[in-house]
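Okay, protein_27.cif is below, mmCIF, N, CA and C atoms:
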data_coords
loop_
_atom_site.label_atom_id
_atom_site.label_comp_id
_atom_site.auth_asym_id
_atom_site.auth_seq_id
_atom_site.Cartn_x
_atom_site.Cartn_y
_atom_site.Cartn_z
N MET A 1 -13.33 30.75 -16.99
CA MET A 1 -12.98 29.79 -18.02
C MET A 1 -14.23 28.98 -18.37
N ILE A 2 -14.53 28.91 -19.63
CA ILE A 2 -15.62 28.07 -20.11
C ILE A 2 -15.04 26.68 -20.38
N LEU A 3 -15.67 25.68 -19.75
CA LEU A 3 -15.17 24.31 -19.92
C LEU A 3 -15.59 23.73 -21.26
N LYS A 4 -14.62 23.15 -21.93
CA LYS A 4 -14.91 22.40 -23.16
C LYS A 4 -15.36 21.00 -22.74
N GLU A 5 -15.96 20.30 -23.64
CA GLU A 5 -16.47 18.96 -23.34
C GLU A 5 -15.35 18.04 -22.83
N ILE A 6 -14.15 18.14 -23.41
CA ILE A 6 -13.04 17.29 -22.97
C ILE A 6 -12.64 17.61 -21.53
N ASP A 7 -12.72 18.90 -21.13
CA ASP A 7 -12.41 19.27 -19.75
C ASP A 7 -13.42 18.64 -18.79
N ARG A 8 -14.69 18.68 -19.18
CA ARG A 8 -15.73 18.05 -18.35
C ARG A 8 -15.49 16.54 -18.24
N GLU A 9 -15.10 15.93 -19.34
CA GLU A 9 -14.83 14.49 -19.33
C GLU A 9 -13.64 14.17 -18.42
N ILE A 10 -12.61 15.01 -18.50
CA ILE A 10 -11.43 14.82 -17.63
C ILE A 10 -11.87 14.87 -16.17
N LEU A 11 -12.60 15.91 -15.80
CA LEU A 11 -13.02 16.06 -14.41
C LEU A 11 -13.93 14.92 -13.96
N ASN A 12 -14.89 14.57 -14.79
CA ASN A 12 -15.83 13.51 -14.41
C ASN A 12 -15.16 12.15 -14.30
N LYS A 13 -14.32 11.81 -15.25
CA LYS A 13 -13.69 10.48 -15.23
C LYS A 13 -12.60 10.36 -14.17
N LEU A 14 -11.78 11.40 -13.99
CA LEU A 14 -10.66 11.28 -13.06
C LEU A 14 -11.08 11.36 -11.60
N GLN A 15 -12.32 11.80 -11.33
CA GLN A 15 -12.81 11.75 -9.95
C GLN A 15 -12.99 10.31 -9.48
N GLY A 16 -13.16 9.41 -10.43
CA GLY A 16 -13.38 8.01 -10.10
C GLY A 16 -12.11 7.20 -9.96
N GLY A 17 -10.99 7.79 -10.24
CA GLY A 17 -9.73 7.05 -10.11
C GLY A 17 -8.67 7.58 -11.06
N PHE A 18 -7.45 7.27 -10.73
CA PHE A 18 -6.30 7.69 -11.51
C PHE A 18 -5.36 6.49 -11.57
N PRO A 19 -4.78 6.20 -12.72
CA PRO A 19 -3.94 5.01 -12.84
C PRO A 19 -2.74 5.01 -11.89
N LEU A 20 -2.53 3.91 -11.23
CA LEU A 20 -1.36 3.74 -10.37
C LEU A 20 -0.35 2.91 -11.16
N THR A 21 0.29 3.59 -12.10
CA THR A 21 1.25 2.95 -12.99
C THR A 21 2.50 3.80 -13.06
N SER A 22 3.48 3.34 -13.80
CA SER A 22 4.72 4.13 -13.95
C SER A 22 4.51 5.32 -14.88
N THR A 23 3.41 5.31 -15.66
CA THR A 23 3.10 6.43 -16.57
C THR A 23 1.63 6.83 -16.39
N PRO A 24 1.25 7.33 -15.21
CA PRO A 24 -0.17 7.57 -14.94
C PRO A 24 -0.83 8.61 -15.84
N TYR A 25 -0.12 9.70 -16.15
CA TYR A 25 -0.72 10.73 -16.99
C TYR A 25 -0.91 10.23 -18.42
N ALA A 26 0.07 9.51 -18.93
CA ALA A 26 -0.04 8.95 -20.28
C ALA A 26 -1.18 7.94 -20.34
N ASP A 27 -1.30 7.12 -19.30
CA ASP A 27 -2.35 6.11 -19.27
C ASP A 27 -3.74 6.75 -19.15
N ALA A 28 -3.86 7.76 -18.30
CA ALA A 28 -5.14 8.47 -18.15
C ALA A 28 -5.49 9.18 -19.45
N ALA A 29 -4.51 9.79 -20.07
CA ALA A 29 -4.75 10.49 -21.34
C ALA A 29 -5.24 9.52 -22.42
N ALA A 30 -4.61 8.36 -22.50
CA ALA A 30 -5.02 7.37 -23.49
C ALA A 30 -6.47 6.93 -23.24
N TRP A 31 -6.83 6.76 -21.99
CA TRP A 31 -8.19 6.39 -21.60
C TRP A 31 -9.18 7.47 -22.03
N LEU A 32 -8.72 8.74 -22.00
CA LEU A 32 -9.56 9.87 -22.38
C LEU A 32 -9.53 10.17 -23.88
N GLY A 33 -8.61 9.53 -24.60
CA GLY A 33 -8.50 9.75 -26.04
C GLY A 33 -7.71 10.99 -26.42
N ILE A 34 -6.82 11.44 -25.53
CA ILE A 34 -5.95 12.59 -25.80
C ILE A 34 -4.52 12.19 -25.47
N ASP A 35 -3.55 13.08 -25.71
CA ASP A 35 -2.18 12.72 -25.34
C ASP A 35 -1.83 13.32 -23.98
N GLU A 36 -0.75 12.81 -23.42
CA GLU A 36 -0.31 13.17 -22.08
C GLU A 36 -0.10 14.67 -21.92
N GLU A 37 0.56 15.31 -22.89
CA GLU A 37 0.84 16.74 -22.81
C GLU A 37 -0.45 17.55 -22.74
N GLU A 38 -1.45 17.14 -23.53
CA GLU A 38 -2.73 17.86 -23.52
C GLU A 38 -3.43 17.71 -22.17
N LEU A 39 -3.40 16.50 -21.61
CA LEU A 39 -4.02 16.28 -20.31
C LEU A 39 -3.38 17.17 -19.25
N ILE A 40 -2.07 17.17 -19.20
CA ILE A 40 -1.36 17.98 -18.20
C ILE A 40 -1.64 19.47 -18.42
N ALA A 41 -1.63 19.92 -19.67
CA ALA A 41 -1.91 21.33 -19.97
C ALA A 41 -3.32 21.71 -19.55
N ARG A 42 -4.30 20.84 -19.82
CA ARG A 42 -5.68 21.13 -19.44
C ARG A 42 -5.85 21.17 -17.93
N LEU A 43 -5.23 20.23 -17.21
CA LEU A 43 -5.29 20.25 -15.75
C LEU A 43 -4.66 21.53 -15.19
N ASN A 44 -3.51 21.92 -15.74
CA ASN A 44 -2.86 23.15 -15.30
C ASN A 44 -3.73 24.37 -15.56
N ARG A 45 -4.35 24.44 -16.74
CA ARG A 45 -5.23 25.57 -17.06
C ARG A 45 -6.42 25.63 -16.11
N MET A 46 -7.01 24.48 -15.82
CA MET A 46 -8.16 24.46 -14.91
C MET A 46 -7.74 24.87 -13.50
N LYS A 47 -6.54 24.50 -13.10
CA LYS A 47 -6.07 24.90 -11.77
C LYS A 47 -5.76 26.39 -11.75
N GLU A 48 -5.07 26.89 -12.74
CA GLU A 48 -4.71 28.31 -12.80
C GLU A 48 -5.94 29.21 -12.87
N SER A 49 -7.00 28.75 -13.53
CA SER A 49 -8.21 29.56 -13.67
C SER A 49 -9.15 29.41 -12.48
N GLY A 50 -8.86 28.49 -11.57
CA GLY A 50 -9.70 28.31 -10.39
C GLY A 50 -10.84 27.32 -10.57
N VAL A 51 -10.92 26.66 -11.72
CA VAL A 51 -11.96 25.65 -11.94
C VAL A 51 -11.77 24.51 -10.94
N ILE A 52 -10.51 24.13 -10.71
CA ILE A 52 -10.18 23.16 -9.66
C ILE A 52 -9.16 23.82 -8.75
N THR A 53 -9.15 23.43 -7.49
CA THR A 53 -8.19 24.02 -6.54
C THR A 53 -6.97 23.14 -6.33
N ARG A 54 -7.14 21.86 -6.61
CA ARG A 54 -6.01 20.95 -6.49
C ARG A 54 -6.26 19.73 -7.35
N PHE A 55 -5.19 19.03 -7.67
CA PHE A 55 -5.30 17.76 -8.38
C PHE A 55 -4.36 16.80 -7.69
N GLY A 56 -4.91 15.83 -7.02
CA GLY A 56 -4.07 14.88 -6.31
C GLY A 56 -4.91 13.98 -5.44
N PRO A 57 -4.26 13.03 -4.80
CA PRO A 57 -4.99 12.05 -3.99
C PRO A 57 -5.39 12.61 -2.63
N PHE A 58 -6.38 12.00 -2.05
CA PHE A 58 -6.73 12.22 -0.65
C PHE A 58 -6.27 10.99 0.10
N PHE A 59 -5.46 11.18 1.12
CA PHE A 59 -4.96 10.06 1.90
C PHE A 59 -5.72 9.97 3.21
N ASP A 60 -5.97 8.75 3.68
CA ASP A 60 -6.56 8.54 4.99
C ASP A 60 -5.42 8.48 5.99
N VAL A 61 -5.18 9.61 6.63
CA VAL A 61 -4.05 9.74 7.54
C VAL A 61 -4.12 8.70 8.66
N ALA A 62 -5.30 8.47 9.19
CA ALA A 62 -5.45 7.52 10.29
C ALA A 62 -5.06 6.11 9.85
N GLU A 63 -5.45 5.73 8.62
CA GLU A 63 -5.09 4.40 8.10
C GLU A 63 -3.59 4.26 7.94
N MET A 64 -2.89 5.36 7.77
CA MET A 64 -1.44 5.34 7.60
C MET A 64 -0.72 5.48 8.94
N GLY A 65 -1.48 5.47 10.05
CA GLY A 65 -0.88 5.55 11.37
C GLY A 65 -0.83 6.94 11.95
N GLY A 66 -1.33 7.93 11.24
CA GLY A 66 -1.31 9.30 11.73
C GLY A 66 -2.63 9.68 12.37
N ALA A 67 -2.85 10.98 12.49
CA ALA A 67 -4.06 11.48 13.12
C ALA A 67 -4.52 12.75 12.40
N PHE A 68 -5.82 13.02 12.48
CA PHE A 68 -6.33 14.27 11.96
C PHE A 68 -7.47 14.75 12.84
N CYS A 69 -7.73 16.05 12.76
CA CYS A 69 -8.74 16.64 13.61
C CYS A 69 -9.28 17.91 12.97
N LEU A 70 -10.59 18.08 13.01
CA LEU A 70 -11.21 19.31 12.57
C LEU A 70 -11.05 20.33 13.69
N CYS A 71 -10.63 21.54 13.34
CA CYS A 71 -10.40 22.59 14.32
C CYS A 71 -11.10 23.87 13.89
N ALA A 72 -11.37 24.73 14.86
CA ALA A 72 -12.01 26.01 14.56
C ALA A 72 -11.45 27.08 15.47
N MET A 73 -11.55 28.32 14.99
CA MET A 73 -11.11 29.47 15.76
C MET A 73 -12.09 30.62 15.56
N ALA A 74 -12.21 31.46 16.58
CA ALA A 74 -12.97 32.70 16.47
C ALA A 74 -11.96 33.80 16.18
N VAL A 75 -11.93 34.25 14.93
CA VAL A 75 -10.91 35.19 14.48
C VAL A 75 -11.54 36.57 14.25
N PRO A 76 -10.96 37.62 14.84
CA PRO A 76 -11.48 38.97 14.57
C PRO A 76 -11.43 39.26 13.07
N GLU A 77 -12.52 39.80 12.55
CA GLU A 77 -12.63 40.03 11.10
C GLU A 77 -11.51 40.92 10.58
N ASP A 78 -11.13 41.93 11.35
CA ASP A 78 -10.10 42.86 10.86
C ASP A 78 -8.71 42.24 10.81
N GLY A 79 -8.51 41.09 11.43
CA GLY A 79 -7.21 40.43 11.37
C GLY A 79 -7.27 39.06 10.72
N PHE A 80 -8.39 38.78 10.06
CA PHE A 80 -8.61 37.43 9.52
C PHE A 80 -7.51 37.00 8.56
N ASP A 81 -7.14 37.86 7.61
CA ASP A 81 -6.14 37.46 6.61
C ASP A 81 -4.79 37.17 7.25
N THR A 82 -4.41 37.96 8.23
CA THR A 82 -3.13 37.74 8.92
C THR A 82 -3.14 36.43 9.69
N ILE A 83 -4.23 36.18 10.42
CA ILE A 83 -4.34 34.93 11.18
C ILE A 83 -4.38 33.74 10.22
N CYS A 84 -5.08 33.90 9.11
CA CYS A 84 -5.15 32.83 8.11
C CYS A 84 -3.75 32.47 7.60
N GLU A 85 -2.94 33.47 7.30
CA GLU A 85 -1.57 33.21 6.86
C GLU A 85 -0.77 32.50 7.95
N GLN A 86 -0.96 32.92 9.20
CA GLN A 86 -0.24 32.29 10.30
C GLN A 86 -0.64 30.82 10.45
N VAL A 87 -1.94 30.56 10.41
CA VAL A 87 -2.43 29.18 10.54
C VAL A 87 -1.93 28.33 9.37
N ASN A 88 -2.05 28.88 8.17
CA ASN A 88 -1.65 28.12 6.98
C ASN A 88 -0.15 27.92 6.87
N SER A 89 0.63 28.62 7.68
CA SER A 89 2.08 28.44 7.64
C SER A 89 2.50 27.11 8.28
N PHE A 90 1.59 26.46 8.98
CA PHE A 90 1.89 25.16 9.58
C PHE A 90 1.65 24.07 8.54
N GLU A 91 2.67 23.24 8.32
CA GLU A 91 2.53 22.18 7.31
C GLU A 91 1.47 21.16 7.70
N GLU A 92 1.09 21.12 8.95
CA GLU A 92 0.07 20.18 9.41
C GLU A 92 -1.35 20.62 9.04
N VAL A 93 -1.51 21.86 8.59
CA VAL A 93 -2.83 22.36 8.20
C VAL A 93 -3.13 21.87 6.78
N ALA A 94 -4.13 20.99 6.69
CA ALA A 94 -4.47 20.39 5.40
C ALA A 94 -5.26 21.34 4.53
N HIS A 95 -6.25 22.01 5.08
CA HIS A 95 -7.02 23.00 4.35
C HIS A 95 -7.74 23.89 5.35
N ASN A 96 -8.24 25.02 4.88
CA ASN A 96 -8.75 26.07 5.76
C ASN A 96 -9.97 26.70 5.10
N TYR A 97 -11.02 26.93 5.88
CA TYR A 97 -12.26 27.50 5.36
C TYR A 97 -12.74 28.66 6.21
N LYS A 98 -13.25 29.69 5.58
CA LYS A 98 -13.88 30.81 6.28
C LYS A 98 -15.37 30.55 6.34
N ARG A 99 -15.96 30.76 7.53
CA ARG A 99 -17.39 30.54 7.72
C ARG A 99 -18.03 31.78 8.35
N THR A 100 -19.32 31.94 8.15
CA THR A 100 -20.07 33.04 8.77
C THR A 100 -20.68 32.52 10.06
N HIS A 101 -19.88 32.53 11.11
CA HIS A 101 -20.26 31.99 12.41
C HIS A 101 -19.27 32.60 13.40
N ARG A 102 -19.59 32.53 14.69
CA ARG A 102 -18.63 33.02 15.68
C ARG A 102 -17.29 32.31 15.51
N LEU A 103 -17.34 31.01 15.31
CA LEU A 103 -16.13 30.26 14.95
C LEU A 103 -16.01 30.35 13.44
N ASN A 104 -15.31 31.37 12.97
CA ASN A 104 -15.32 31.69 11.54
C ASN A 104 -14.16 31.12 10.74
N MET A 105 -13.20 30.47 11.39
CA MET A 105 -12.11 29.82 10.67
C MET A 105 -12.09 28.35 11.05
N TRP A 106 -12.23 27.50 10.05
CA TRP A 106 -12.22 26.05 10.25
C TRP A 106 -11.09 25.45 9.42
N PHE A 107 -10.37 24.52 10.02
CA PHE A 107 -9.27 23.88 9.30
C PHE A 107 -9.07 22.47 9.82
N VAL A 108 -8.36 21.67 9.05
CA VAL A 108 -8.07 20.29 9.43
C VAL A 108 -6.57 20.18 9.71
N LEU A 109 -6.25 19.57 10.85
CA LEU A 109 -4.86 19.26 11.17
C LEU A 109 -4.62 17.78 10.86
N ALA A 110 -3.51 17.50 10.22
CA ALA A 110 -3.11 16.12 9.93
C ALA A 110 -1.68 15.97 10.42
N THR A 111 -1.47 15.05 11.35
CA THR A 111 -0.15 14.87 11.95
C THR A 111 0.24 13.39 11.95
N GLU A 112 1.50 13.14 12.22
CA GLU A 112 2.00 11.77 12.22
C GLU A 112 1.53 10.98 13.44
N THR A 113 1.21 11.69 14.54
CA THR A 113 0.78 11.01 15.77
C THR A 113 -0.41 11.75 16.36
N GLU A 114 -1.14 11.08 17.24
CA GLU A 114 -2.25 11.71 17.96
C GLU A 114 -1.76 12.89 18.80
N GLU A 115 -0.59 12.72 19.40
CA GLU A 115 -0.02 13.80 20.22
C GLU A 115 0.30 15.03 19.38
N GLY A 116 0.60 14.80 18.11
CA GLY A 116 0.93 15.90 17.22
C GLY A 116 -0.21 16.88 17.03
N ILE A 117 -1.45 16.40 17.15
CA ILE A 117 -2.61 17.29 17.03
C ILE A 117 -2.57 18.34 18.13
N ALA A 118 -2.46 17.89 19.37
CA ALA A 118 -2.43 18.82 20.51
C ALA A 118 -1.22 19.75 20.44
N GLN A 119 -0.07 19.22 20.07
CA GLN A 119 1.14 20.04 19.96
C GLN A 119 0.98 21.13 18.90
N THR A 120 0.43 20.76 17.76
CA THR A 120 0.26 21.74 16.68
C THR A 120 -0.79 22.78 17.06
N ALA A 121 -1.89 22.33 17.67
CA ALA A 121 -2.93 23.27 18.11
C ALA A 121 -2.34 24.27 19.11
N GLN A 122 -1.52 23.79 20.03
CA GLN A 122 -0.88 24.68 21.01
C GLN A 122 0.07 25.65 20.32
N ALA A 123 0.80 25.17 19.31
CA ALA A 123 1.72 26.05 18.58
C ALA A 123 0.94 27.13 17.82
N ILE A 124 -0.20 26.77 17.25
CA ILE A 124 -1.02 27.76 16.54
C ILE A 124 -1.56 28.78 17.54
N GLU A 125 -1.99 28.32 18.70
CA GLU A 125 -2.47 29.24 19.74
C GLU A 125 -1.37 30.20 20.16
N ALA A 126 -0.16 29.68 20.33
CA ALA A 126 0.97 30.53 20.73
C ALA A 126 1.28 31.56 19.65
N LYS A 127 1.19 31.18 18.39
CA LYS A 127 1.51 32.08 17.29
C LYS A 127 0.44 33.13 17.08
N THR A 128 -0.84 32.75 17.25
CA THR A 128 -1.95 33.66 16.93
C THR A 128 -2.53 34.36 18.15
N GLY A 129 -2.33 33.78 19.33
CA GLY A 129 -2.94 34.33 20.54
C GLY A 129 -4.42 34.00 20.65
N LEU A 130 -4.90 33.06 19.83
CA LEU A 130 -6.31 32.69 19.82
C LEU A 130 -6.49 31.22 20.17
N THR A 131 -7.63 30.87 20.74
CA THR A 131 -7.93 29.50 21.10
C THR A 131 -8.23 28.67 19.85
N VAL A 132 -7.67 27.48 19.81
CA VAL A 132 -7.97 26.51 18.76
C VAL A 132 -8.91 25.47 19.38
N TRP A 133 -10.13 25.43 18.89
CA TRP A 133 -11.11 24.45 19.33
C TRP A 133 -10.93 23.19 18.49
N GLN A 134 -10.80 22.04 19.18
CA GLN A 134 -10.57 20.78 18.47
C GLN A 134 -11.84 19.92 18.48
N PHE A 135 -12.19 19.42 17.31
CA PHE A 135 -13.37 18.57 17.16
C PHE A 135 -12.94 17.24 16.55
N PRO A 136 -12.45 16.32 17.39
CA PRO A 136 -11.99 15.03 16.86
C PRO A 136 -13.16 14.21 16.32
N LYS A 137 -12.86 13.35 15.39
CA LYS A 137 -13.87 12.47 14.79
C LYS A 137 -14.35 11.46 15.83
N LEU A 138 -15.65 11.37 16.00
CA LEU A 138 -16.22 10.37 16.90
C LEU A 138 -16.66 9.13 16.14
N LYS A 139 -17.14 9.35 14.91
CA LYS A 139 -17.59 8.25 14.08
C LYS A 139 -17.32 8.63 12.64
N GLU A 140 -16.90 7.67 11.85
CA GLU A 140 -16.59 7.96 10.45
C GLU A 140 -17.73 7.52 9.55
N PHE A 141 -18.05 8.40 8.61
CA PHE A 141 -19.05 8.11 7.60
C PHE A 141 -18.36 8.28 6.25
N PHE A 142 -18.59 7.37 5.34
CA PHE A 142 -18.01 7.51 4.01
C PHE A 142 -19.06 8.12 3.09
N VAL A 143 -18.71 9.24 2.52
CA VAL A 143 -19.59 9.89 1.56
C VAL A 143 -18.83 9.92 0.24
N GLY A 144 -19.33 9.23 -0.74
CA GLY A 144 -18.69 9.21 -2.06
C GLY A 144 -18.97 10.52 -2.77
N PHE A 145 -18.24 11.54 -2.43
CA PHE A 145 -18.49 12.87 -2.96
C PHE A 145 -17.92 13.03 -4.37
N ARG A 146 -18.79 13.35 -5.30
CA ARG A 146 -18.38 13.63 -6.67
C ARG A 146 -19.15 14.84 -7.16
N VAL A 147 -18.50 15.64 -7.96
CA VAL A 147 -19.14 16.80 -8.52
C VAL A 147 -19.16 16.61 -10.03
N ALA A 148 -20.34 16.61 -10.60
CA ALA A 148 -20.44 16.46 -12.06
C ALA A 148 -20.08 17.78 -12.74
N ALA A 149 -19.14 17.71 -13.66
CA ALA A 149 -18.71 18.92 -14.35
C ALA A 149 -19.61 19.20 -15.53
#

Structure translated into structure tokens:
Amino acid sequence: MILKEIDREILNKLQGGFPLTSTPYADAAAWLGIDEEELIARLNRMKESGVITRFGPFFDVAEMGGAFCLCAMAVPEDGFDTICEQVNSFEEVAHNYKRTHRLNMWFVLATETEEGIAQTAQAIEAKTGLTVWQFPKLKEFFVGFRVAA
């Protein structure tokens, strides 16, 4: 998909915030100089074409009383897709990445409690037969990550 200037503007502006109102899409669209239906259609097209993978907020689970942890697994290449489906079947798996390393599957667990991390990791191990390595956060750094479209 070739991005039109309005698509670039949508991506660039909405990375900085989204209205917390009773009509957020209409308000964002007005700010962009388009109507609500066009904004929603453009976001859907960008998602369907793979320009964006998701549109929504990022929540700080720890600030909300929950827990999260970066995890990794060493997955045999010939069974990677099957293991990936098994891991992703857990609602606690926030996202999953394939890497070129002995630990080739990395994912984030987000649970309601600290104990939930260990329980979910154990459940994934039981389902896959593979070790889940847990890398809890030791120190938090804020990186204002933005991608210019």

Given the choices A:Ala72, A:Glu125, A:Val51, A:Leu130, which gets closest to A:Met105 if the distance is worked out from only N, CA and C atoms?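 Of the candidates, the smallest distance to A:Met105 is held by A:Ala72.
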
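For the residues A:Ser49, A:Asn88, A:Thr128, A:Gln119, ranking by smallest atom-to-atom distance to A:Met1 using only N, CA and C atoms places A:Ser49 first.
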
Which of chain A counts as strand (DSSP E) under DSSP, as a PyMOL selection string please? chain A and resi 67-73+93-98+105-111+133-135

Assign secondary structure with DSSP using the backbone only, and return the residues of stretch 68-111 of chain A in helix (DSSP H, G or I) as a ChimeraX atom specification. /A:77-88

Please measure the separation of atom CA of A:Thr23 and atom CA of A:Ala41, giving the value in Å to one decimal.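 Interatomic distance, atom CA of A:Thr23 to atom CA of A:Ala41: 16.1 Å.
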
Tell me, as a ChimeraX atom specification, which residues lie within 5 Å of A:Thr111, counting only N, CA and C atoms; anything in the same chain fewer than 4 positions away does not count. /A:66-68

Check the smallest atom-to-atom distance from each of A:Trp106, A:Glu63, A:Leu32, A:Glu85 to A:Ile6 using all atoms listed in the file, then report the winner.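 So, comparing all the options, the nearest one is A:Leu32.
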
Selection in question (the file shown): the PyMOL selection byres (((chain A and resi 121 and name CA) around 12) and name CA). Which residues does it include, as JSON, numbers by chain? {"A": [68, 69, 70, 71, 72, 73, 87, 90, 92, 93, 107, 108, 109, 110, 111, 114, 115, 116, 117, 118, 119, 120, 122, 123, 124, 125, 126, 127, 128, 129, 130, 131, 132, 133, 134, 135]}

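For the file shown, the residue list from the PyMOL selection byres (((chain A and resi 7 and name CA) around 9) and name CA) reads A:Leu3, A:Lys4, A:Glu5, A:Ile6, A:Arg8, A:Glu9, A:Ile10, A:Leu11, A:Asn12, A:Leu39, A:Arg42, A:Leu43, A:Met46, A:Ala149.
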
Between A:Thr100, A:Leu20, A:Phe141, A:Asp27, which residue has the minimum interatomic distance to A:Pro76, considering only C-alpha atoms?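 Using only C-alpha atoms, the shortest distance to A:Pro76 belongs to A:Thr100.
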
Excluding same-chain residues fewer than 6 positions from A:Tyr25, what lies within 8 Å of it counting all atoms listed in the file, as a VMD selection string? chain A and resid 18 to 19 31 35 to 37 39 to 40

For atom N of A:Ala74 and atom C of A:Asn104, the interatomic separation in Å (one decimal):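 Between atom N of A:Ala74 and atom C of A:Asn104 the gap is 6.2 Å.
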
So how far away is atom CA of A:Lys98 from atom C of A:Gln86, in Å?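 Atom-to-atom, atom C of A:Gln86 and atom CA of A:Lys98 are spaced 13.9 Å apart.
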